[in-house]
Amino acid sequence: MMNPHSEETLEQHLGDPWDDTQPVGFSQVLAADERGELLDAGERLLDTFGLSAEFVPTSEGGRLAGLDRLIRLMRAVFRRDPCLGLGYGASSLIAAVNVWTAGTPDQRRTVADLLLRKRKLACGYYELAHGNDLARAEFEALPSSDGLRLNGTKQVISNIHRADAVVLFARTQPGTGSRNHSQVLVDLTRLPRERVTHLPRFRTVGMRGVPLGGVTFQDCPVPTEAILGASGQGLETAIKSFQVTRVALPGMFLGIVDTGLRTTIRTSLGRTVYGRAVTDLPQTRSVLADTFADLLLCDAFTTVAARGVHLLPREASVTTAAVKFLVPRVLMDAMGRLSTVLGARFYLREGDAAVFQKLMRDLQPAGFGHLARVAGQMTLLPQLPLLARRGWAKPTPAPAELFRLDAPLPALPFESLALSGGGQDGLMGSLRDGLESLGDASSGPLREVRQRMEAFASELESLRVAAAALPPRELTATASPESYDLTTRAITLQAASACFNVWRQQAGAPFLGDPAWLLAALHRLDVWRGRAQGPLPEAIRTRLFTELMARHEDVRAFDLSRSPLTGWRSSPAPDA
């Protein structure tokens, strides 16, 4: 019997998006996008599935056991409608992780009950005047004679108009010190209406259906018990919570590029140019294989980082920041390349290819907000000298379970998340450890794998020397571009280690055990950072293209899981 809460069940529940009669079909998704609305039928289907329970830890009565599993589940939604993925689910997750990280037992029970009743949460971190600089937030929740008083405006919050509760980042003491802000869990259903003013929705290019709104509070009372954790620890709680969402959301966004690639193949199979199907053209095959390699690269990195939150929680500040910097850029670049295959059809808002332009617009927020790519660099930069002196000088490899995709995981240890990794980096340690396990391969793909990984190991040593020499003035936001470049090098090496070690643990698997995908991912890494040019080598390109088309025909995911997309169909669109 099929697991009623599995990814396959959810795929079947949502149905074939190419079928115009399906409630979450692309025609309905596009119509809702034109209206700037979230798809009601989609929300009802997700309510029936009970998706909100996936954001609640099992210890609180929910189904959140593995972060990697949650990412795969949410990809099913993002494959069809990113607005539904963000507006229905991810927005509540962003708020809830703060409660799981710092909330009291009563606060945790309150939020768990809310989500299990399929209600919505909202989260207001930022203010437009200060962007990612949370320390300058002006919104206030200052003490009063009867608790706290909310004063100020948060301009852009998902679901604020329809949420039952909101987590607000607020100044709880006057001044600009690092302990002057807290997070406050506000029950919106119990506030005096005359003290709360909802602002109009911000118009956006992408994610048109996500209900983004502003809110102003004027001398609005809330109890002191609304503060999450100790007063003044708001920034610390946010930084720890980001370690979950910075890997979860990019991992979910892979579903967008999966459908973008599927749409491009589908449309290209149905078109002929100079008497040949577009997919028969060498340049088309190169772009499709490159994009497939990008998806495998991004999935390996996000999956390892997500599993690392469970297994190496004290190091999560490093790995999740690295994912946040790399993955959104790779995904956005991949969609841009796919649009060149579609040509003028990329602009169409009707027909089978019409969903592509919406997907491309909806992908852009992957680099915004607390997920901003530069925030990932700024998280890593001050940790580089300690990493160089400890984790990179005396490497300790991560446990093998980090890279075994089907290995069980312990519960998410929110209480063990830390502001810094303390200089430890098991992912880098596994790069060197894995290299030693290769032995003396003298020819063929294994020899090439060894050569590539030896080059990465050599680069790690030069990075260690450079990072250890960084002076204090180069560890802040005003650091030189050369210092920021060291974070980019570190991120690339972590991604290479993730791919390499996932491959090592899949020995004997029909595709994941093949060095072709690993060599393709490493090549794409080098292209991304300007160390290589051109398409994949021909033999690797052919291997990936063959696998890609087989998955398209069998209707399987283009990520590491190769899971069946129940209910989808792959027949090409007719030439128009």
# chains A, B, ... in the order shown; residues from 1 in each chain; ligands from 1
call {"tool": "select_by_dssp", "arguments": {"residues": "region 353-563 of chain A", "states": "alpha helix (DSSP H)", "output": "number ranges by chain"}}
result
A: 354-363, 373-380, 384-389, 426-437, 444-468, 481-504, 515-528, 538-554
call {"tool": "write_last_selection", "arguments": {"atoms": "C-alpha atoms", "output": "JSON list (two decimals), in the first residue's frame"}}
result
[["chain", "number", "residue", "atom", "x", "y", "z"],
["A", 354, "ALA", "CA", 3.68, 29.24, -21.67],
["A", 355, "VAL", "CA", 4.49, 28.03, -18.17],
["A", 356, "PHE", "CA", 8.22, 28.60, -18.83],
["A", 357, "GLN", "CA", 8.05, 32.39, -18.68],
["A", 358, "LYS", "CA", 6.20, 32.20, -15.37],
["A", 359, "LEU", "CA", 8.71, 29.74, -13.94],
["A", 360, "MET", "CA", 11.61, 31.96, -14.98],
["A", 361, "ARG", "CA", 10.02, 34.97, -13.27],
["A", 362, "ASP", "CA", 9.15, 32.98, -10.16],
["A", 363, "LEU", "CA", 12.71, 31.70, -9.80],
["A", 373, "ARG", "CA", 23.53, 35.44, -1.94],
["A", 374, "VAL", "CA", 25.87, 38.03, -0.46],
["A", 375, "ALA", "CA", 24.52, 37.12, 2.99],
["A", 376, "GLY", "CA", 25.99, 33.67, 2.47],
["A", 377, "GLN", "CA", 29.42, 35.16, 1.79],
["A", 378, "MET", "CA", 29.17, 37.42, 4.83],
["A", 379, "THR", "CA", 28.36, 34.40, 7.00],
["A", 380, "LEU", "CA", 31.43, 32.55, 5.76],
["A", 384, "LEU", "CA", 37.66, 31.60, 7.25],
["A", 385, "PRO", "CA", 40.73, 32.10, 9.51],
["A", 386, "LEU", "CA", 39.48, 29.66, 12.14],
["A", 387, "LEU", "CA", 38.51, 27.13, 9.44],
["A", 388, "ALA", "CA", 42.02, 27.47, 8.01],
["A", 389, "ARG", "CA", 43.68, 26.85, 11.39],
["A", 426, "GLY", "CA", 33.65, 17.77, 7.90],
["A", 427, "LEU", "CA", 32.69, 18.32, 4.28],
["A", 428, "MET", "CA", 36.19, 19.56, 3.46],
["A", 429, "GLY", "CA", 37.67, 16.75, 5.54],
["A", 430, "SER", "CA", 35.76, 14.27, 3.38],
["A", 431, "LEU", "CA", 37.29, 15.76, 0.24],
["A", 432, "ARG", "CA", 40.75, 14.63, 1.28],
["A", 433, "ASP", "CA", 39.57, 11.40, 2.88],
["A", 434, "GLY", "CA", 37.66, 10.44, -0.26],
["A", 435, "LEU", "CA", 40.65, 11.16, -2.45],
["A", 436, "GLU", "CA", 42.76, 8.70, -0.48],
["A", 437, "SER", "CA", 40.12, 6.00, -1.01],
["A", 444, "GLY", "CA", 39.75, 5.78, -17.80],
["A", 445, "PRO", "CA", 37.14, 7.89, -15.97],
["A", 446, "LEU", "CA", 38.47, 6.99, -12.52],
["A", 447, "ARG", "CA", 41.83, 8.42, -13.45],
["A", 448, "GLU", "CA", 40.14, 11.62, -14.51],
["A", 449, "VAL", "CA", 38.15, 11.74, -11.27],
["A", 450, "ARG", "CA", 41.37, 11.35, -9.30],
["A", 451, "GLN", "CA", 43.09, 14.12, -11.28],
["A", 452, "ARG", "CA", 40.17, 16.48, -10.75],
["A", 453, "MET", "CA", 39.96, 15.80, -7.03],
["A", 454, "GLU", "CA", 43.73, 16.13, -6.61],
["A", 455, "ALA", "CA", 43.44, 19.57, -8.18],
["A", 456, "PHE", "CA", 40.67, 20.51, -5.73],
["A", 457, "ALA", "CA", 42.73, 19.21, -2.79],
["A", 458, "SER", "CA", 45.70, 21.30, -3.94],
["A", 459, "GLU", "CA", 43.44, 24.33, -4.19],
["A", 460, "LEU", "CA", 42.19, 23.71, -0.67],
["A", 461, "GLU", "CA", 45.76, 23.93, 0.63],
["A", 462, "SER", "CA", 46.40, 27.26, -1.13],
["A", 463, "LEU", "CA", 43.04, 28.53, 0.16],
["A", 464, "ARG", "CA", 43.99, 27.48, 3.70],
["A", 465, "VAL", "CA", 47.20, 29.51, 3.55],
["A", 466, "ALA", "CA", 45.45, 32.59, 2.18],
["A", 467, "ALA", "CA", 42.54, 32.40, 4.65],
["A", 468, "ALA", "CA", 44.85, 31.97, 7.66],
["A", 481, "PRO", "CA", 36.82, 41.80, -3.32],
["A", 482, "GLU", "CA", 39.87, 39.56, -3.04],
["A", 483, "SER", "CA", 38.78, 38.45, 0.43],
["A", 484, "TYR", "CA", 35.22, 37.81, -0.74],
["A", 485, "ASP", "CA", 36.71, 35.71, -3.53],
["A", 486, "LEU", "CA", 38.15, 33.37, -0.90],
["A", 487, "THR", "CA", 34.60, 32.55, 0.21],
["A", 488, "THR", "CA", 33.70, 31.73, -3.40],
["A", 489, "ARG", "CA", 36.65, 29.35, -3.60],
["A", 490, "ALA", "CA", 35.64, 27.68, -0.34],
["A", 491, "ILE", "CA", 32.06, 27.27, -1.54],
["A", 492, "THR", "CA", 33.22, 25.66, -4.78],
["A", 493, "LEU", "CA", 35.39, 23.18, -2.91],
["A", 494, "GLN", "CA", 32.53, 22.26, -0.58],
["A", 495, "ALA", "CA", 30.24, 21.64, -3.55],
["A", 496, "ALA", "CA", 32.92, 19.51, -5.22],
["A", 497, "SER", "CA", 33.30, 17.45, -2.05],
["A", 498, "ALA", "CA", 29.54, 16.95, -1.78],
["A", 499, "CYS", "CA", 29.27, 15.66, -5.36],
["A", 500, "PHE", "CA", 32.39, 13.50, -5.08],
["A", 501, "ASN", "CA", 31.33, 11.83, -1.85],
["A", 502, "VAL", "CA", 27.72, 11.27, -2.93],
["A", 503, "TRP", "CA", 29.14, 9.51, -5.99],
["A", 504, "ARG", "CA", 31.50, 7.43, -3.81],
["A", 515, "PRO", "CA", 31.69, 8.78, -12.91],
["A", 516, "ALA", "CA", 30.07, 10.61, -15.87],
["A", 517, "TRP", "CA", 27.66, 12.66, -13.80],
["A", 518, "LEU", "CA", 30.35, 13.51, -11.24],
["A", 519, "LEU", "CA", 32.77, 14.68, -13.94],
["A", 520, "ALA", "CA", 29.92, 16.68, -15.50],
["A", 521, "ALA", "CA", 29.10, 18.37, -12.18],
["A", 522, "LEU", "CA", 32.76, 19.22, -11.55],
["A", 523, "HIS", "CA", 33.06, 20.64, -15.06],
["A", 524, "ARG", "CA", 29.99, 22.79, -14.52],
["A", 525, "LEU", "CA", 31.50, 24.04, -11.24],
["A", 526, "ASP", "CA", 34.60, 25.14, -13.08],
["A", 527, "VAL", "CA", 32.53, 26.83, -15.79],
["A", 528, "TRP", "CA", 30.52, 28.65, -13.17],
["A", 538, "GLU", "CA", 31.40, 14.70, -25.90],
["A", 539, "ALA", "CA", 31.39, 11.29, -24.21],
["A", 540, "ILE", "CA", 30.05, 12.73, -20.94],
["A", 541, "ARG", "CA", 27.53, 14.88, -22.79],
["A", 542, "THR", "CA", 26.22, 11.84, -24.64],
["A", 543, "ARG", "CA", 25.91, 9.82, -21.40],
["A", 544, "LEU", "CA", 23.99, 12.58, -19.64],
["A", 545, "PHE", "CA", 21.76, 13.31, -22.62],
["A", 546, "THR", "CA", 20.86, 9.62, -22.93],
["A", 547, "GLU", "CA", 19.96, 9.44, -19.24],
["A", 548, "LEU", "CA", 18.02, 12.70, -19.47],
["A", 549, "MET", "CA", 15.88, 11.54, -22.37],
["A", 550, "ALA", "CA", 15.25, 8.19, -20.70],
["A", 551, "ARG", "CA", 13.99, 9.98, -17.60],
["A", 552, "HIS", "CA", 11.84, 12.24, -19.73],
["A", 553, "GLU", "CA", 10.30, 9.25, -21.47],
["A", 554, "ASP", "CA", 9.75, 7.40, -18.18]]
call {"tool": "closest_atom_pairs", "arguments": {"of": "region 33-95 of chain A", "to": "region 239-256 of chain A", "cutoff": "8 Å", "atoms": "only C-alpha atoms", "output": "JSON lines"}}
result
{"residue": "A:Leu67", "atom": "CA", "partner": "A:Ala248", "partner_atom": "CA", "distance": 7.2}
{"residue": "A:Asp68", "atom": "CA", "partner": "A:Ala248", "partner_atom": "CA", "distance": 7.9}
{"residue": "A:Leu70", "atom": "CA", "partner": "A:Ala248", "partner_atom": "CA", "distance": 7.9}
{"residue": "A:Ile71", "atom": "CA", "partner": "A:Met252", "partner_atom": "CA", "distance": 5.3}
{"residue": "A:Arg72", "atom": "CA", "partner": "A:Met252", "partner_atom": "CA", "distance": 6.9}
{"residue": "A:Met74", "atom": "CA", "partner": "A:Met252", "partner_atom": "CA", "distance": 5.7}
{"residue": "A:Arg75", "atom": "CA", "partner": "A:Gly255", "partner_atom": "CA", "distance": 4.6}
{"residue": "A:Ala76", "atom": "CA", "partner": "A:Gly255", "partner_atom": "CA", "distance": 6.7}
{"residue": "A:Val77", "atom": "CA", "partner": "A:Gly255", "partner_atom": "CA", "distance": 7.8}
{"residue": "A:Phe78", "atom": "CA", "partner": "A:Gly255", "partner_atom": "CA", "distance": 5.2}
{"residue": "A:Arg79", "atom": "CA", "partner": "A:Gly255", "partner_atom": "CA", "distance": 4.4}
{"residue": "A:Arg80", "atom": "CA", "partner": "A:Ile256", "partner_atom": "CA", "distance": 7.8}
{"residue": "A:Pro82", "atom": "CA", "partner": "A:Ile256", "partner_atom": "CA", "distance": 7.0}
{"residue": "A:Ala90", "atom": "CA", "partner": "A:Leu249", "partner_atom": "CA", "distance": 7.4}
{"residue": "A:Leu93", "atom": "CA", "partner": "A:Thr245", "partner_atom": "CA", "distance": 7.9}
{"residue": "A:Ile94", "atom": "CA", "partner": "A:Thr245", "partner_atom": "CA", "distance": 6.4}
call {"tool": "write_last_selection", "arguments": {"atoms": "N, CA and C atoms", "output": "PDB file, in the first residue's frame"}}
result
ATOM      1  N   LEU A  67      14.953  16.832   6.877  1.00  0.00           N
ATOM      2  CA  LEU A  67      14.919  18.048   6.071  1.00  0.00           C
ATOM      3  C   LEU A  67      15.049  17.708   4.590  1.00  0.00           C
ATOM      4  N   ASP A  68      15.826  16.682   4.265  1.00  0.00           N
ATOM      5  CA  ASP A  68      15.948  16.286   2.866  1.00  0.00           C
ATOM      6  C   ASP A  68      14.625  15.769   2.315  1.00  0.00           C
ATOM      7  N   LEU A  70      11.601  16.736   3.374  1.00  0.00           N
ATOM      8  CA  LEU A  70      10.734  17.899   3.207  1.00  0.00           C
ATOM      9  C   LEU A  70      11.044  18.613   1.894  1.00  0.00           C
ATOM     10  N   ILE A  71      12.323  18.751   1.580  1.00  0.00           N
ATOM     11  CA  ILE A  71      12.718  19.410   0.339  1.00  0.00           C
ATOM     12  C   ILE A  71      12.145  18.665  -0.863  1.00  0.00           C
ATOM     13  N   ARG A  72      12.256  17.342  -0.857  1.00  0.00           N
ATOM     14  CA  ARG A  72      11.740  16.562  -1.994  1.00  0.00           C
ATOM     15  C   ARG A  72      10.229  16.692  -2.114  1.00  0.00           C
ATOM     16  N   MET A  74       8.360  19.233  -1.170  1.00  0.00           N
ATOM     17  CA  MET A  74       8.011  20.569  -1.640  1.00  0.00           C
ATOM     18  C   MET A  74       8.383  20.771  -3.107  1.00  0.00           C
ATOM     19  N   ARG A  75       9.367  20.032  -3.600  1.00  0.00           N
ATOM     20  CA  ARG A  75       9.691  20.129  -5.028  1.00  0.00           C
ATOM     21  C   ARG A  75       8.492  19.736  -5.884  1.00  0.00           C
ATOM     22  N   ALA A  76       7.703  18.776  -5.405  1.00  0.00           N
ATOM     23  CA  ALA A  76       6.514  18.369  -6.155  1.00  0.00           C
ATOM     24  C   ALA A  76       5.579  19.553  -6.364  1.00  0.00           C
ATOM     25  N   VAL A  77       5.482  20.420  -5.359  1.00  0.00           N
ATOM     26  CA  VAL A  77       4.627  21.601  -5.470  1.00  0.00           C
ATOM     27  C   VAL A  77       5.295  22.652  -6.355  1.00  0.00           C
ATOM     28  N   PHE A  78       6.579  22.905  -6.135  1.00  0.00           N
ATOM     29  CA  PHE A  78       7.298  23.912  -6.921  1.00  0.00           C
ATOM     30  C   PHE A  78       7.373  23.524  -8.398  1.00  0.00           C
ATOM     31  N   ARG A  79       7.356  22.231  -8.713  1.00  0.00           N
ATOM     32  CA  ARG A  79       7.354  21.820 -10.118  1.00  0.00           C
ATOM     33  C   ARG A  79       6.124  22.341 -10.855  1.00  0.00           C
ATOM     34  N   ARG A  80       5.027  22.486 -10.143  1.00  0.00           N
ATOM     35  CA  ARG A  80       3.783  22.897 -10.762  1.00  0.00           C
ATOM     36  C   ARG A  80       3.530  24.387 -10.631  1.00  0.00           C
ATOM     37  N   PRO A  82       5.366  27.580  -8.343  1.00  0.00           N
ATOM     38  CA  PRO A  82       6.201  28.125  -7.273  1.00  0.00           C
ATOM     39  C   PRO A  82       5.429  29.034  -6.317  1.00  0.00           C
ATOM     40  N   ALA A  90       6.169  27.377   2.139  1.00  0.00           N
ATOM     41  CA  ALA A  90       7.476  27.839   2.596  1.00  0.00           C
ATOM     42  C   ALA A  90       7.381  29.058   3.505  1.00  0.00           C
ATOM     43  N   LEU A  93       6.866  27.805   6.890  1.00  0.00           N
ATOM     44  CA  LEU A  93       8.091  27.167   7.379  1.00  0.00           C
ATOM     45  C   LEU A  93       9.094  28.196   7.869  1.00  0.00           C
ATOM     46  N   ILE A  94       9.268  29.288   7.115  1.00  0.00           N
ATOM     47  CA  ILE A  94      10.232  30.328   7.489  1.00  0.00           C
ATOM     48  C   ILE A  94       9.919  30.878   8.875  1.00  0.00           C
TER      49      ILE A  94
END
call {"tool": "residues_around", "arguments": {"residues": "Gly567 (chain A)", "least_positions_apart": "6", "cutoff": "8 Å", "atoms": "only C-alpha atoms", "output": "MDAnalysis selection string"}}
result
chainID A and resid 11:12 15:16
call {"tool": "write_last_selection", "arguments": {"atoms": "N, CA and C atoms", "output": "PDB file, in the first residue's frame"}}
result
ATOM      1  N   GLU A  11       2.592  13.606  -5.570  1.00  0.00           N
ATOM      2  CA  GLU A  11       2.616  13.770  -7.023  1.00  0.00           C
ATOM      3  C   GLU A  11       1.306  13.290  -7.636  1.00  0.00           C
ATOM      4  N   GLN A  12       0.843  12.136  -7.211  1.00  0.00           N
ATOM      5  CA  GLN A  12      -0.401  11.594  -7.735  1.00  0.00           C
ATOM      6  C   GLN A  12      -1.582  12.470  -7.340  1.00  0.00           C
ATOM      7  N   GLY A  15      -1.660  15.514  -9.610  1.00  0.00           N
ATOM      8  CA  GLY A  15      -2.081  15.168 -10.961  1.00  0.00           C
ATOM      9  C   GLY A  15      -1.161  15.671 -12.054  1.00  0.00           C
ATOM     10  N   ASP A  16      -1.594  15.443 -13.302  1.00  0.00           N
ATOM     11  CA  ASP A  16      -0.820  15.796 -14.482  1.00  0.00           C
ATOM     12  C   ASP A  16      -0.973  17.286 -14.789  1.00  0.00           C
TER      13      ASP A  16
END
call {"tool": "atom_distance", "arguments": {"atom1": "CA of Arg117 (chain A)", "atom2": "CA of Ala32 (chain A)"}}
result
25.2 Å
call {"tool": "residues_around", "arguments": {"residues": "region 411-420 of chain A", "least_positions_apart": "3", "cutoff": "7 Å", "atoms": "only C-alpha atoms", "output": "JSON, numbers by chain"}}
result
{"A": [65, 100, 101, 239, 240, 310, 313, 314, 317]}
call {"tool": "closest_residue", "arguments": {"among": "A:Thr176, A:Ser27, A:Ser286, A:Ser52", "to": "Leu73 (chain A)", "atoms": "only C-alpha atoms"}}
result
A:Ser52
call {"tool": "residues_around", "arguments": {"residues": "Gly391 (chain A)", "least_positions_apart": "4", "cutoff": "7 Å", "atoms": "only C-alpha atoms", "output": "short mmCIF file (atom, residue, chain, number, x, y, z; two decimals) with N, CA and C atoms, in the first residue's frame"}}
result
data_model
loop_
_atom_site.label_atom_id
_atom_site.label_comp_id
_atom_site.auth_asym_id
_atom_site.auth_seq_id
_atom_site.Cartn_x
_atom_site.Cartn_y
_atom_site.Cartn_z
N LEU A 387 38.59 28.33 10.28
CA LEU A 387 38.51 27.13 9.44
C LEU A 387 39.90 26.73 8.94
N PRO A 395 42.04 18.01 9.08
CA PRO A 395 40.69 17.66 8.65
C PRO A 395 40.16 16.38 9.29
N THR A 396 38.91 16.44 9.67
CA THR A 396 38.18 15.27 10.16
C THR A 396 37.04 15.01 9.20
N GLY A 423 35.31 26.45 13.50
CA GLY A 423 36.46 26.06 12.71
C GLY A 423 36.42 24.64 12.17
N GLN A 424 35.34 23.90 12.42
CA GLN A 424 35.23 22.52 11.95
C GLN A 424 34.53 22.48 10.59
N ASP A 425 34.95 21.56 9.74
CA ASP A 425 34.37 21.46 8.40
C ASP A 425 34.53 20.03 7.91
#
call {"tool": "atom_distance", "arguments": {"atom1": "CA of Glu54 (chain A)", "atom2": "CA of Val24 (chain A)"}}
result
20.1 Å
call {"tool": "residues_around", "arguments": {"residues": "Cys220 (chain A)", "least_positions_apart": "2", "cutoff": "10 Å", "atoms": "only C-alpha atoms", "output": "compact mmCIF listing (two decimals) with C-alpha atoms, in the first residue's frame"}}
result
# COMPACT_ATOMS: atom_id res chain seq x y z
CA ALA A 141 8.15 45.98 20.59
CA LEU A 148 4.94 45.12 25.04
CA ARG A 149 3.74 47.75 22.57
CA LEU A 150 4.16 47.20 18.83
CA ASN A 151 4.91 50.29 16.78
CA GLY A 152 6.09 50.51 13.20
CA LEU A 191 -5.16 42.13 18.52
CA PRO A 192 -7.36 45.23 18.73
CA ARG A 193 -8.30 45.89 15.09
CA GLU A 194 -8.04 49.64 15.41
CA ARG A 195 -4.32 49.30 16.20
CA VAL A 196 -3.49 47.30 13.05
CA THR A 216 1.45 48.90 10.42
CA PHE A 217 1.03 48.57 14.18
CA GLN A 218 0.25 51.63 16.28
CA VAL A 222 0.99 42.15 23.19
call {"tool": "residues_around", "arguments": {"residues": "Asp133 (chain A)", "least_positions_apart": "5", "cutoff": "12 Å", "atoms": "only C-alpha atoms", "output": "list in words"}}
result
Tyr125, Tyr126, Glu127, Leu128, Glu138, Phe169, Thr176, Ser178, Leu235, Gly369, His370, Ala372, Val374, Ala375, Met378 and Ala477 of chain A
call {"tool": "select_by_dssp", "arguments": {"residues": "region 232-472 of chain A", "states": "strand (DSSP E or B)", "output": "number ranges by chain"}}
result
A: 272-273, 276-277
